[in-house]
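> Provided below: model-v7.pdb, containing PDB, C-alpha atoms.
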```pdb
ATOM      1  CA  MET A   1     -17.812  -5.775  44.667
ATOM      2  CA  SER A   2     -14.736  -6.005  42.482
ATOM      3  CA  HIS A   3     -14.818  -6.114  38.733
ATOM      4  CA  ALA A   4     -12.561  -8.046  36.385
ATOM      5  CA  HIS A   5     -11.134  -5.258  34.284
ATOM      6  CA  HIS A   6      -7.717  -6.020  32.890
ATOM      7  CA  SER A   7      -5.760  -5.212  29.796
ATOM      8  CA  GLY A   8      -3.525  -7.419  27.679
ATOM      9  CA  HIS A   9      -0.899  -5.979  25.371
ATOM     10  CA  ASP A  10       1.457  -7.448  22.808
ATOM     11  CA  ASP A  11       5.055  -8.373  23.568
ATOM     12  CA  SER A  12       6.193  -4.758  23.275
ATOM     13  CA  HIS A  13       3.970  -3.823  26.239
ATOM     14  CA  ALA A  14       3.418  -0.349  24.808
ATOM     15  CA  GLN A  15       2.496   1.310  21.571
ATOM     16  CA  ALA A  16       5.695   3.327  21.754
ATOM     17  CA  LYS A  17       7.603   0.232  20.669
ATOM     18  CA  ALA A  18       5.457  -0.714  17.678
ATOM     19  CA  ARG A  19       7.746  -2.101  14.997
ATOM     20  CA  GLY A  20       7.133  -2.743  11.339
ATOM     21  CA  PRO A  21       8.189  -5.918   9.571
ATOM     22  CA  GLU A  22      11.892  -6.537   8.972
ATOM     23  CA  ARG A  23      12.480  -6.502   5.199
ATOM     24  CA  ALA A  24      16.201  -5.924   4.570
ATOM     25  CA  GLY A  25      16.207  -8.225   1.522
ATOM     26  CA  GLU A  26      13.158  -6.472   0.114
ATOM     27  CA  ALA A  27      14.836  -3.085   0.578
ATOM     28  CA  ARG A  28      17.815  -4.229  -1.525
ATOM     29  CA  ARG A  29      15.591  -5.568  -4.306
ATOM     30  CA  LEU A  30      13.474  -2.429  -4.331
ATOM     31  CA  SER A  31      16.593  -0.227  -4.417
ATOM     32  CA  LEU A  32      17.882  -2.100  -7.485
ATOM     33  CA  THR A  33      14.457  -1.848  -9.112
ATOM     34  CA  LEU A  34      14.388   1.875  -8.356
ATOM     35  CA  CYS A  35      17.705   2.332 -10.197
ATOM     36  CA  VAL A  36      16.390   0.406 -13.226
ATOM     37  CA  ALA A  37      13.125   2.406 -13.286
ATOM     38  CA  LEU A  38      15.033   5.690 -12.947
ATOM     39  CA  VAL A  39      17.263   4.827 -15.931
ATOM     40  CA  ALA A  40      14.214   3.836 -18.008
ATOM     41  CA  MET A  41      12.421   7.076 -17.118
ATOM     42  CA  LEU A  42      15.400   9.270 -18.019
ATOM     43  CA  VAL A  43      16.023   7.432 -21.311
ATOM     44  CA  GLU A  44      12.362   7.762 -22.352
ATOM     45  CA  ALA A  45      12.102  11.393 -21.241
ATOM     46  CA  VAL A  46      15.237  12.495 -23.128
ATOM     47  CA  GLY A  47      14.327  10.305 -26.082
ATOM     48  CA  GLY A  48      10.766  11.623 -26.212
ATOM     49  CA  PHE A  49      12.033  15.202 -26.162
ATOM     50  CA  LEU A  50      14.566  14.592 -28.953
ATOM     51  CA  THR A  51      12.196  12.563 -31.167
ATOM     52  CA  HIS A  52       9.145  14.804 -30.516
ATOM     53  CA  SER A  53       7.117  11.733 -29.436
ATOM     54  CA  LEU A  54       4.412  12.646 -26.942
ATOM     55  CA  ALA A  55       3.643   8.943 -26.403
ATOM     56  CA  LEU A  56       7.232   8.364 -25.315
ATOM     57  CA  LEU A  57       7.117  11.408 -23.037
ATOM     58  CA  SER A  58       3.809  10.147 -21.610
ATOM     59  CA  ASP A  59       5.353   6.751 -20.902
ATOM     60  CA  ALA A  60       8.208   8.575 -19.165
ATOM     61  CA  GLY A  61       5.560  10.339 -17.073
ATOM     62  CA  HIS A  62       4.118   6.970 -16.118
ATOM     63  CA  MET A  63       7.615   5.773 -15.261
ATOM     64  CA  LEU A  64       7.888   8.827 -13.005
ATOM     65  CA  ALA A  65       4.845   7.468 -11.176
ATOM     66  CA  ASP A  66       6.645   4.177 -10.666
ATOM     67  CA  VAL A  67       9.887   5.837  -9.562
ATOM     68  CA  GLY A  68       7.860   7.804  -7.004
ATOM     69  CA  ALA A  69       5.996   4.722  -5.773
ATOM     70  CA  ILE A  70       9.134   2.570  -5.502
ATOM     71  CA  GLY A  71      11.022   5.462  -3.903
ATOM     72  CA  LEU A  72       8.260   5.785  -1.312
ATOM     73  CA  SER A  73       8.544   2.102  -0.492
ATOM     74  CA  VAL A  74      12.315   2.334  -0.044
ATOM     75  CA  PHE A  75      11.890   5.546   1.960
ATOM     76  CA  ALA A  76       9.324   3.890   4.212
ATOM     77  CA  LEU A  77      11.581   0.903   4.871
ATOM     78  CA  HIS A  78      14.460   3.163   5.892
ATOM     79  CA  ILE A  79      12.525   5.803   7.824
ATOM     80  CA  GLY A  80      10.642   3.066   9.691
ATOM     81  CA  SER A  81      13.901   2.015  11.322
ATOM     82  CA  ARG A  82      13.986   5.274  13.269
ATOM     83  CA  PRO A  83      12.938   4.698  16.875
ATOM     84  CA  ALA A  84       9.630   5.907  18.278
ATOM     85  CA  ASP A  85       9.651   8.509  21.017
ATOM     86  CA  ALA A  86       7.283   9.958  23.601
ATOM     87  CA  ARG A  87       5.717  12.336  21.052
ATOM     88  CA  ARG A  88       5.501   9.924  18.113
ATOM     89  CA  THR A  89       4.542   6.644  19.738
ATOM     90  CA  TYR A  90       4.165   4.894  16.382
ATOM     91  CA  GLY A  91       7.411   6.340  15.061
ATOM     92  CA  TYR A  92       7.533   7.887  11.581
ATOM     93  CA  TYR A  93       5.546   5.314   9.646
ATOM     94  CA  ARG A  94       2.782   7.720   8.634
ATOM     95  CA  LEU A  95       5.269   9.795   6.602
ATOM     96  CA  GLU A  96       4.961   7.080   3.954
ATOM     97  CA  ILE A  97       1.215   7.649   3.741
ATOM     98  CA  LEU A  98       1.502  11.438   3.544
ATOM     99  CA  ALA A  99       4.140  11.123   0.826
ATOM    100  CA  ALA A 100       1.905   8.710  -1.096
ATOM    101  CA  LEU A 101      -0.956  11.203  -1.010
ATOM    102  CA  LEU A 102       1.319  13.957  -2.358
ATOM    103  CA  ASN A 103       2.665  11.610  -5.002
ATOM    104  CA  GLY A 104      -0.861  10.784  -6.178
ATOM    105  CA  ALA A 105      -1.794  14.463  -6.484
ATOM    106  CA  LEU A 106       1.342  15.200  -8.542
ATOM    107  CA  LEU A 107       0.605  12.243 -10.834
ATOM    108  CA  ILE A 108      -2.883  13.544 -11.573
ATOM    109  CA  ALA A 109      -1.352  16.920 -12.473
ATOM    110  CA  ILE A 110       1.114  15.163 -14.824
ATOM    111  CA  ALA A 111      -1.730  13.244 -16.487
ATOM    112  CA  LEU A 112      -3.727  16.434 -17.049
ATOM    113  CA  GLY A 113      -0.680  18.041 -18.684
ATOM    114  CA  ILE A 114      -0.345  15.034 -21.012
ATOM    115  CA  VAL A 115      -4.040  15.262 -21.949
ATOM    116  CA  VAL A 116      -3.764  18.967 -22.801
ATOM    117  CA  GLU A 117      -0.650  18.396 -24.930
ATOM    118  CA  ALA A 118      -2.212  15.344 -26.633
ATOM    119  CA  TRP A 119      -5.306  17.394 -27.553
ATOM    120  CA  GLN A 120      -3.091  20.041 -29.128
ATOM    121  CA  ARG A 121      -1.164  17.348 -31.026
ATOM    122  CA  LEU A 122      -4.435  15.929 -32.390
ATOM    123  CA  ARG A 123      -5.332  19.362 -33.747
ATOM    124  CA  ASP A 124      -1.830  19.989 -35.076
ATOM    125  CA  PRO A 125       0.057  16.670 -35.542
ATOM    126  CA  GLN A 126       3.845  16.868 -35.236
ATOM    127  CA  PRO A 127       6.252  14.622 -37.164
ATOM    128  CA  ILE A 128       8.300  12.217 -35.035
ATOM    129  CA  HIS A 129      11.424  10.118 -35.593
ATOM    130  CA  VAL A 130       9.741   6.740 -35.852
ATOM    131  CA  GLY A 131      12.884   4.595 -35.886
ATOM    132  CA  ALA A 132      14.349   6.193 -32.772
ATOM    133  CA  VAL A 133      10.995   5.955 -30.966
ATOM    134  CA  ALA A 134      10.776   2.237 -31.768
ATOM    135  CA  VAL A 135      14.311   1.613 -30.468
ATOM    136  CA  LEU A 136      13.644   3.560 -27.259
ATOM    137  CA  ALA A 137      10.323   1.722 -26.745
ATOM    138  CA  CYS A 138      12.161  -1.604 -27.041
ATOM    139  CA  GLY A 139      14.683  -0.328 -24.500
ATOM    140  CA  GLY A 140      11.796   0.533 -22.157
ATOM    141  CA  ILE A 141      10.346  -2.959 -22.578
ATOM    142  CA  LEU A 142      13.736  -4.529 -21.752
ATOM    143  CA  LEU A 143      14.326  -2.389 -18.643
ATOM    144  CA  ASN A 144      10.796  -3.002 -17.359
ATOM    145  CA  ALA A 145      11.274  -6.741 -17.903
ATOM    146  CA  ILE A 146      14.415  -6.568 -15.725
ATOM    147  CA  GLY A 147      12.392  -4.751 -13.053
ATOM    148  CA  LEU A 148       9.693  -7.431 -13.214
ATOM    149  CA  TRP A 149      12.341 -10.128 -12.742
ATOM    150  CA  LEU A 150      13.745  -8.304  -9.697
ATOM    151  CA  THR A 151      10.342  -7.943  -8.025
ATOM    152  CA  HIS A 152       8.856 -11.325  -8.933
ATOM    153  CA  ALA A 153       8.559 -13.727  -6.021
ATOM    154  CA  ARG A 154       6.259 -16.615  -5.108
ATOM    155  CA  VAL A 155       5.781 -15.125  -1.647
ATOM    156  CA  SER A 156       6.138 -11.348  -1.463
ATOM    157  CA  SER A 157       5.013  -8.350   0.561
ATOM    158  CA  MET A 158       2.515  -5.710  -0.486
ATOM    159  CA  ASN A 159       5.398  -3.411  -1.467
ATOM    160  CA  LEU A 160       6.893  -5.920  -3.905
ATOM    161  CA  ARG A 161       3.514  -6.926  -5.349
ATOM    162  CA  SER A 162       2.471  -3.329  -6.006
ATOM    163  CA  THR A 163       5.851  -2.548  -7.593
ATOM    164  CA  PHE A 164       5.533  -5.637  -9.816
ATOM    165  CA  LEU A 165       2.101  -4.466 -11.007
ATOM    166  CA  HIS A 166       3.361  -0.916 -11.630
ATOM    167  CA  LEU A 167       6.185  -2.218 -13.807
ATOM    168  CA  ALA A 168       3.832  -4.572 -15.657
ATOM    169  CA  GLY A 169       1.704  -1.530 -16.535
ATOM    170  CA  ASP A 170       4.810   0.317 -17.710
ATOM    171  CA  LEU A 171       5.822  -2.577 -19.933
ATOM    172  CA  LEU A 172       2.380  -2.521 -21.563
ATOM    173  CA  ASN A 173       2.677   1.247 -22.087
ATOM    174  CA  SER A 174       6.053   0.759 -23.789
ATOM    175  CA  VAL A 175       4.400  -1.825 -26.044
ATOM    176  CA  GLY A 176       1.754   0.813 -26.806
ATOM    177  CA  VAL A 177       4.468   3.310 -27.820
ATOM    178  CA  LEU A 178       6.024   0.667 -30.068
ATOM    179  CA  ILE A 179       2.623   0.016 -31.687
ATOM    180  CA  ALA A 180       2.128   3.754 -32.247
ATOM    181  CA  ALA A 181       5.530   3.967 -33.943
ATOM    182  CA  GLY A 182       4.598   0.989 -36.128
ATOM    183  CA  VAL A 183       1.243   2.511 -37.116
ATOM    184  CA  ILE A 184       2.896   5.807 -38.069
ATOM    185  CA  ALA A 185       5.624   4.000 -40.044
ATOM    186  CA  LEU A 186       3.070   1.911 -41.978
ATOM    187  CA  THR A 187       0.243   4.416 -42.489
ATOM    188  CA  GLY A 188       1.752   7.836 -41.824
ATOM    189  CA  ARG A 189      -1.098   8.589 -39.393
ATOM    190  CA  LEU A 190       0.548  10.936 -36.888
ATOM    191  CA  GLU A 191      -2.623  10.869 -34.747
ATOM    192  CA  ALA A 192      -1.523   7.506 -33.365
ATOM    193  CA  ASP A 193       1.034   9.244 -31.121
ATOM    194  CA  PRO A 194      -1.409  11.497 -29.183
ATOM    195  CA  ILE A 195      -4.064   8.744 -29.084
ATOM    196  CA  ILE A 196      -1.622   6.401 -27.304
ATOM    197  CA  SER A 197      -0.770   9.357 -25.027
ATOM    198  CA  PHE A 198      -4.439   9.645 -24.012
ATOM    199  CA  LEU A 199      -4.466   5.949 -23.078
ATOM    200  CA  ILE A 200      -1.257   6.266 -21.053
ATOM    201  CA  ALA A 201      -2.652   9.342 -19.254
ATOM    202  CA  GLY A 202      -5.669   7.222 -18.333
ATOM    203  CA  THR A 203      -3.455   4.558 -16.739
ATOM    204  CA  ILE A 204      -1.617   7.267 -14.773
ATOM    205  CA  VAL A 205      -4.902   8.680 -13.429
ATOM    206  CA  TRP A 206      -6.113   5.169 -12.530
ATOM    207  CA  SER A 207      -2.919   4.454 -10.572
ATOM    208  CA  ALA A 208      -2.955   7.897  -8.909
ATOM    209  CA  VAL A 209      -6.593   7.647  -7.803
ATOM    210  CA  ARG A 210      -5.982   4.201  -6.285
ATOM    211  CA  LEU A 211      -2.904   5.505  -4.498
ATOM    212  CA  CYS A 212      -4.774   8.526  -3.089
ATOM    213  CA  ARG A 213      -7.769   6.438  -2.030
ATOM    214  CA  GLU A 214      -5.581   3.941  -0.177
ATOM    215  CA  ALA A 215      -3.669   6.760   1.532
ATOM    216  CA  VAL A 216      -6.890   8.497   2.630
ATOM    217  CA  ASP A 217      -8.298   5.198   3.955
ATOM    218  CA  VAL A 218      -5.188   4.752   6.097
ATOM    219  CA  LEU A 219      -5.309   8.346   7.373
ATOM    220  CA  LEU A 220      -9.001   7.895   8.257
ATOM    221  CA  GLU A 221      -8.016   4.666  10.072
ATOM    222  CA  GLY A 222     -10.442   2.633   8.005
ATOM    223  CA  PHE A 223     -10.644  -1.143   8.360
ATOM    224  CA  PRO A 224      -7.845  -2.657   6.194
ATOM    225  CA  ALA A 225      -9.176  -3.633   2.771
ATOM    226  CA  HIS A 226      -7.455  -7.051   2.802
ATOM    227  CA  LEU A 227      -9.239  -8.077   6.021
ATOM    228  CA  ASP A 228     -12.879  -8.857   6.773
ATOM    229  CA  PHE A 229     -14.440  -7.343   9.907
ATOM    230  CA  GLU A 230     -16.868 -10.222  10.493
ATOM    231  CA  LYS A 231     -14.162 -12.882  10.131
ATOM    232  CA  VAL A 232     -11.872 -11.147  12.647
ATOM    233  CA  ASN A 233     -14.766 -10.621  15.041
ATOM    234  CA  ASP A 234     -15.953 -14.243  14.749
ATOM    235  CA  ALA A 235     -12.434 -15.630  15.182
ATOM    236  CA  LEU A 236     -11.983 -13.737  18.453
ATOM    237  CA  GLY A 237     -15.439 -14.766  19.623
ATOM    238  CA  LYS A 238     -14.570 -18.455  19.144
ATOM    239  CA  VAL A 239     -11.524 -18.320  21.423
ATOM    240  CA  ALA A 240     -12.162 -20.618  24.395
ATOM    241  CA  GLY A 241     -13.352 -18.583  27.388
ATOM    242  CA  VAL A 242     -14.644 -15.620  25.362
ATOM    243  CA  SER A 243     -18.396 -14.986  25.414
ATOM    244  CA  ALA A 244     -18.520 -11.692  23.481
ATOM    245  CA  VAL A 245     -16.386  -9.216  21.506
ATOM    246  CA  HIS A 246     -17.035  -5.491  21.341
ATOM    247  CA  ASP A 247     -15.281  -2.202  20.587
ATOM    248  CA  LEU A 248     -13.253  -3.954  17.878
ATOM    249  CA  HIS A 249     -11.009  -1.583  15.935
ATOM    250  CA  VAL A 250      -8.475  -2.563  13.271
ATOM    251  CA  TRP A 251      -6.420  -0.006  11.362
ATOM    252  CA  THR A 252      -3.277   0.330   9.264
ATOM    253  CA  ILE A 253      -0.302   2.221  10.649
ATOM    254  CA  THR A 254       1.744   1.776   7.475
ATOM    255  CA  SER A 255       2.223  -0.899   4.805
ATOM    256  CA  GLY A 256       2.678  -4.245   6.535
ATOM    257  CA  LEU A 257       1.864  -2.974  10.031
ATOM    258  CA  VAL A 258      -1.746  -3.462  11.182
ATOM    259  CA  ALA A 259      -2.930  -2.670  14.710
ATOM    260  CA  LEU A 260      -5.968  -3.986  16.606
ATOM    261  CA  SER A 261      -7.731  -3.088  19.824
ATOM    262  CA  CYS A 262     -10.837  -4.706  21.316
ATOM    263  CA  HIS A 263     -12.685  -5.677  24.486
ATOM    264  CA  LEU A 264     -13.248  -9.371  25.230
ATOM    265  CA  VAL A 265     -15.948 -10.482  27.662
ATOM    266  CA  VAL A 266     -14.691 -13.611  29.428
ATOM    267  CA  VAL A 267     -16.555 -16.273  31.402
ATOM    268  CA  CYS A 268     -15.150 -18.201  34.344
ATOM    269  CA  GLN A 269     -17.364 -21.073  35.463
ATOM    270  CA  GLY A 270     -16.546 -24.514  36.818
ATOM    271  CA  PRO A 271     -13.244 -26.363  36.837
ATOM    272  CA  ASN A 272     -12.417 -25.370  33.242
ATOM    273  CA  CYS A 273     -12.087 -21.687  34.089
ATOM    274  CA  ARG A 274      -9.290 -20.215  31.989
ATOM    275  CA  SER A 275      -6.959 -17.482  33.116
ATOM    276  CA  HIS A 276      -6.746 -14.189  31.247
ATOM    277  CA  ASP A 277      -3.192 -15.052  30.219
ATOM    278  CA  GLU A 278      -4.387 -18.266  28.537
ATOM    279  CA  VAL A 279      -7.180 -16.443  26.696
ATOM    280  CA  LEU A 280      -4.784 -13.671  25.660
ATOM    281  CA  THR A 281      -2.244 -16.154  24.295
ATOM    282  CA  ASP A 282      -4.885 -17.932  22.197
ATOM    283  CA  ALA A 283      -6.389 -14.658  20.925
ATOM    284  CA  LYS A 284      -2.983 -13.330  19.871
ATOM    285  CA  ASP A 285      -2.126 -16.615  18.140
ATOM    286  CA  VAL A 286      -5.362 -16.490  16.136
ATOM    287  CA  LEU A 287      -4.789 -12.872  15.109
ATOM    288  CA  ARG A 288      -1.175 -13.527  14.134
ATOM    289  CA  GLN A 289      -1.647 -16.796  12.259
ATOM    290  CA  ARG A 290      -4.952 -16.144  10.480
ATOM    291  CA  PHE A 291      -4.797 -12.414   9.839
ATOM    292  CA  GLY A 292      -1.143 -11.390  10.189
ATOM    293  CA  ILE A 293      -1.965  -8.900  12.966
ATOM    294  CA  GLU A 294       0.966  -8.572  15.368
ATOM    295  CA  HIS A 295       0.290  -5.332  17.261
ATOM    296  CA  THR A 296      -2.696  -5.850  19.570
ATOM    297  CA  THR A 297      -4.214  -4.220  22.640
ATOM    298  CA  ILE A 298      -6.874  -6.413  24.270
ATOM    299  CA  GLN A 299      -8.959  -5.494  27.297
ATOM    300  CA  PHE A 300     -10.788  -8.137  29.342
ATOM    301  CA  GLU A 301     -14.134  -7.706  31.078
ATOM    302  CA  SER A 302     -16.334 -10.007  33.145
ATOM    303  CA  GLU A 303     -19.970 -10.544  32.161
ATOM    304  CA  SER A 304     -21.144  -8.716  35.290
ATOM    305  CA  TYR A 305     -18.942  -5.717  34.472
ATOM    306  CA  ARG A 306     -20.215  -5.636  30.914
ATOM    307  CA  HIS A 307     -23.814  -5.803  32.132
ATOM    308  CA  GLU A 308     -23.345  -2.890  34.560
ATOM    309  CA  GLU A 309     -21.583  -0.862  31.845
ATOM    310  CA  ILE A 310     -24.548  -1.335  29.476
ATOM    311  CA  VAL A 311     -27.034  -0.404  32.212
ATOM    312  CA  HIS A 312     -25.193   2.783  33.039
TER     313      HIS A 312
END
```
So, in terms of structure tokens, how does the structure I just supplied come out?

Amino acid sequence: MSHAHHSGHDDSHAQAKARGPERAGEARRLSLTLCVALVAMLVEAVGGFLTHSLALLSDAGHMLADVGAIGLSVFALHIGSRPADARRTYGYYRLEILAALLNGALLIAIALGIVVEAWQRLRDPQPIHVGAVAVLACGGILLNAIGLWLTHARVSSMNLRSTFLHLAGDLLNSVGVLIAAGVIALTGRLEADPIISFLIAGTIVWSAVRLCREAVDVLLEGFPAHLDFEKVNDALGKVAGVSAVHDLHVWTITSGLVALSCHLVVVCQGPNCRSHDEVLTDAKDVLRQRFGIEHTTIQFESESYRHEEIVH
């Protein structure tokens, strides 16, 4: 007795040709944003050193987080263009994830250094050049606003959205530095500088922990956070000709590239029996249109095959 036991693959026919999304325009916008963020970071770092403002140096540390994150996005877009080979069938996409994990660890180390220095400043406050700090904070606000304009779009990818949020956080931190300078100018309370530094260190840790958690989830091949397992499973189960779905796996290869594999149990009764090609076409259309999943590997089984597999 023969069993229906076939596999359906995406248009690439093999995992070795998995390709990420084409985002040349996004790469240009991110590269410009990277240059703006780099200038802002250097200005705040040099300015914080010269004015003795820990809050300004802390904001520069947070800008370093953004430069790293944006740089990783640009790096991923460029490195992803390298072709896959027989040893690396998904290409070099996972380098982005490994770099993100390293970036998150370094950011936590930076935040801890800021906390230690801020504690020492609280115990022994240091005078700062308030006027220069205020001017540099305004410069940071302006540069971050330019970055927000570059990355704002009605429809954008995960890379652009995350960069937009990073820069929005930086703009708020620059506002915090400006407030600290104003408090010191009006009241003479030098403690305002390290207190703002504590708050900025907290935002760095929050960003770093999120970055590390997302990277670990990808490395563990967890179900993508923006998708719902039950919805994907139900959508496949409602494809005409499918009676059951099992062994469903969905994972992230890199930002914007999600892969799926599953087994579909198909029925073929009466004149309305559908071919595997028809079922495969409908299943792929559902996955692409509803969930944005392009890279799929789908195996078909008959009900009798599935029954014998369960028995054995």
> Rank nothing, just name the residue among A:Ile298, A:Val177, A:Ala134, A:Val279 nearest to Val267 (chain A), using all atoms listed in the file.
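Looking only at the distances to Val267 (chain A), the closest residue turns out to be A:Val279.
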> Using Å and a single decimal, report how far CA of Ala40 (chain A) sits from CA of Pro127 (chain A).
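Interatomic distance, CA of Pro127 (chain A) to CA of Ala40 (chain A): 23.4 Å.
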> Point out the residue among A:Asp277, A:Asp59, A:Asp217, A:Glu96 with the least atom-to-atom distance to Leu178 (chain A), counting only C-alpha atoms.
A:Asp59
> Taking all atoms of region 260-267 of chain A that appear in the file, build a box with edges along x, y and z, extend it by 5 Å on every side, and state its centre and edge lengths in Å to one decimal, as AutoDock Vina command-line options.

```
--center_x -11.3 --center_y -9.7 --center_z 24.0 --size_x 20.6 --size_y 23.2 --size_z 24.8
```
> One number please: CA of Phe291 (chain A) to CA of Ser261 (chain A), in Å, one decimal.
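Atom-to-atom, CA of Phe291 (chain A) to CA of Ser261 (chain A), that is 14.0 Å.
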> Which residues, written as a compact mmCIF listing (two decimals) with C-alpha atoms, in the frame of the given file, have at least one atom at most 12 Å from Leu190 (chain A), with only C-alpha atoms counted and residues fewer than 5 positions away on the same chain left out?

```txt
# COMPACT_ATOMS: atom_id res chain seq x y z
CA HIS A 52 9.14 14.80 -30.52
CA SER A 53 7.12 11.73 -29.44
CA LEU A 54 4.41 12.65 -26.94
CA ALA A 55 3.64 8.94 -26.40
CA ALA A 118 -2.21 15.34 -26.63
CA ARG A 121 -1.16 17.35 -31.03
CA LEU A 122 -4.43 15.93 -32.39
CA ARG A 123 -5.33 19.36 -33.75
CA ASP A 124 -1.83 19.99 -35.08
CA PRO A 125 0.06 16.67 -35.54
CA GLN A 126 3.84 16.87 -35.24
CA PRO A 127 6.25 14.62 -37.16
CA ILE A 128 8.30 12.22 -35.03
CA HIS A 129 11.42 10.12 -35.59
CA VAL A 130 9.74 6.74 -35.85
CA ALA A 180 2.13 3.75 -32.25
CA ALA A 181 5.53 3.97 -33.94
CA GLY A 182 4.60 0.99 -36.13
CA VAL A 183 1.24 2.51 -37.12
CA ILE A 184 2.90 5.81 -38.07
CA ALA A 185 5.62 4.00 -40.04
CA ILE A 195 -4.06 8.74 -29.08
CA ILE A 196 -1.62 6.40 -27.30
```
> So what do you get for CA of Gly71 (chain A) versus CA of Ala208 (chain A), distance-wise?
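So the answer is 15.0 Å.
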> Since I can't run it myself right now, could you work out what the PyMOL selection byres ((chain A and resi 36) around 12) selects here and report it as a PyMOL selection string?
chain A and resi 29-35+37-43+63-64+66-67+70-71+139-151+167
> Just want the 8 Å neighbourhood of region 285-289 of chain A, counted on only C-alpha atoms, with same-chain residues fewer than 3 positions away dropped. Output as a ChimeraX atom specification.
/A:232,235-236,281-282,292-294
> List the residues matched by the PyMOL selection byres ((chain A and resi 209) around 12) in the displayed structure as a ChimeraX atom specification, ordered by chain and then by residue number.
/A:65,100-109,111,202-208,210-216
> Output the residue selection produced by the PyMOL selection byres ((chain A and resi 247-250) around 10) on the file above, formatted as number ranges by chain.
A: 221-224, 227, 229, 232-233, 236, 245-246, 251-253, 258-264, 293, 296-299
> In terms of the shortest atom-to-atom distance over all atoms listed in the file, which of A:Ala168, A:Leu257, A:Val115, A:Leu136 is closest to Ala60 (chain A)?
A:Leu136
> Calculated over all atoms listed in the file, which of the candidates A:Arg82, A:Ala137, A:Tyr93, A:Glu230 has the smallest distance to Ala45 (chain A)?
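Closest candidate: A:Ala137.
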> Would you please work out which residue, of A:Ala69, A:Leu56, A:Ile97, A:Ala192, is nearest to Val218 (chain A) when using only C-alpha atoms?
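Smallest distance to Val218 (chain A) is found for A:Ile97.
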> Hey, which of A:Leu95, A:Cys273, A:Val265, A:Ile114 ends up closest to Phe198 (chain A)? Count all atoms listed in the file.
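With all atoms listed in the file as the atom set, the closest residue is A:Ile114.
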